Amino acid sequence: MKRHTADRSPLRRLRTTGASACAVVLAVAALAGCNRESDSDSAAGGGKVGIDLPRADSDFWNSYQQYIDKGVKEDGIDALPPTNSQNDIGKLVANVQAFTDQGAKAVVMAPQDTGAIAETLQTLSDKKIPVVSVDTRPDKGDVYMVVRADNRAYGQKACEYLGEQLKGKGKVAEFQGDLSSINGRDRSEAFKSCMTEKFPDIQVFELATEWKGDVASAKLQSTLAAHPDLNGIYMQAGGVFLQPTLALLEQKKLLKAPGTPGHITIISNDGIPEELDAIRAGKIDATISQPADLYAKYALYWAKEALAGTTPKAGATDHDSTIIKIPNGFEDQLPAPLVTKANVDDPKLWANQLEKKN
């Protein structure tokens, strides 16, 4: 496939072109820019990288952290001690300030509030510090690269799956993510548009959750009380919604196997190991696998490319994704497959490769 990184493959060996300084900057396989003429660390292809993790209350993001930690070690990245903003924009702003104070030359973040981060992005842009945004696309403010999957496709796939399974009729509860996040908006808008157009006889109850499992569980309980014939659920983030949802359905004796009377068809987003186990056990029907491994891999890859001074190009990549130009930078849209009973054991799924913690 066509490469779009100025012939810098992540597998290419670092060129050692005489200057020993190249060996002490990012000793990683993806870079080929050590012979750039500049006194700055970033132009030389190296520099410290600040990495902020967005939250610790989600199995998906905890898996992402494992991949980040592994990638930093394997690629020899000069990473500052990682921070965790705990879904708090104020903490994220403070963490980024700490990164710059410590000399970060690039920042990797995953802002959960994509509207409130604009001022911080402007500050980083003024300081010529490139930003890689993972999973979320900031509404405003320059970013070097956004690494995420097509979140509108999540909503579309979830709608089509539920619509087909319910044969176009029924009642569905939708756990909406935080609508201040572009991911929550993209998934919600696409799901609604698809349901309206393709399955008008399915009634959808839009339940705003702010990505909080306890909020989703409480609202589901109220919805079930008013609509005991509910027969579908769309969870926009299994990492926070799966366990409280299953616990509530088990408590109410509503967790019935697929194909049996009273079964509630459930589709989720994330593709964490717990979701795959739930599919195997017949507790949920499907999920859309959000690639935690690729998020981490290409977040670090693009951080290295930014430090090397590479300018991304739109188009197909050599890692089965598509780079698109967005108003405030570029976006690497990674693939996210639908997972059902039929392919839940596919070894290519990241959750089937993740090392289990003892």
# chains A, B, ... in the order shown; residues from 1 in each chain; ligands from 1
>>> residues_around(residues="Ala94 in chain A", least_positions_apart="3", cutoff="12 Å", atoms="only C-alpha atoms", output="PyMOL selection string")
chain A and resi 52+83-85+88-91+97-101+117+120
>>> residues_around(residues="range 329-334 of chain A", least_positions_apart="6", cutoff="6 Å", atoms="only C-alpha atoms", output="list in words")
Val143, Tyr144, Met145, Val146, Val147, Arg148, Ala149, Asp150, Ser321, Thr322 and Ile323 of chain A
>>> closest_residue(among="A:Lys192, A:Lys283, A:His227, A:Arg137", to="Lys171 in chain A", atoms="only C-alpha atoms")
A:His227
>>> residues_around(residues="Ala56 in chain A", least_positions_apart="4", cutoff="7 Å", atoms="only C-alpha atoms", output="ChimeraX atom specification")
/A:61-62,86
>>> closest_residue(among="A:Thr287, A:Gln112, A:Thr223, A:Gln122", to="Ala342 in chain A", atoms="only C-alpha atoms")
A:Thr287
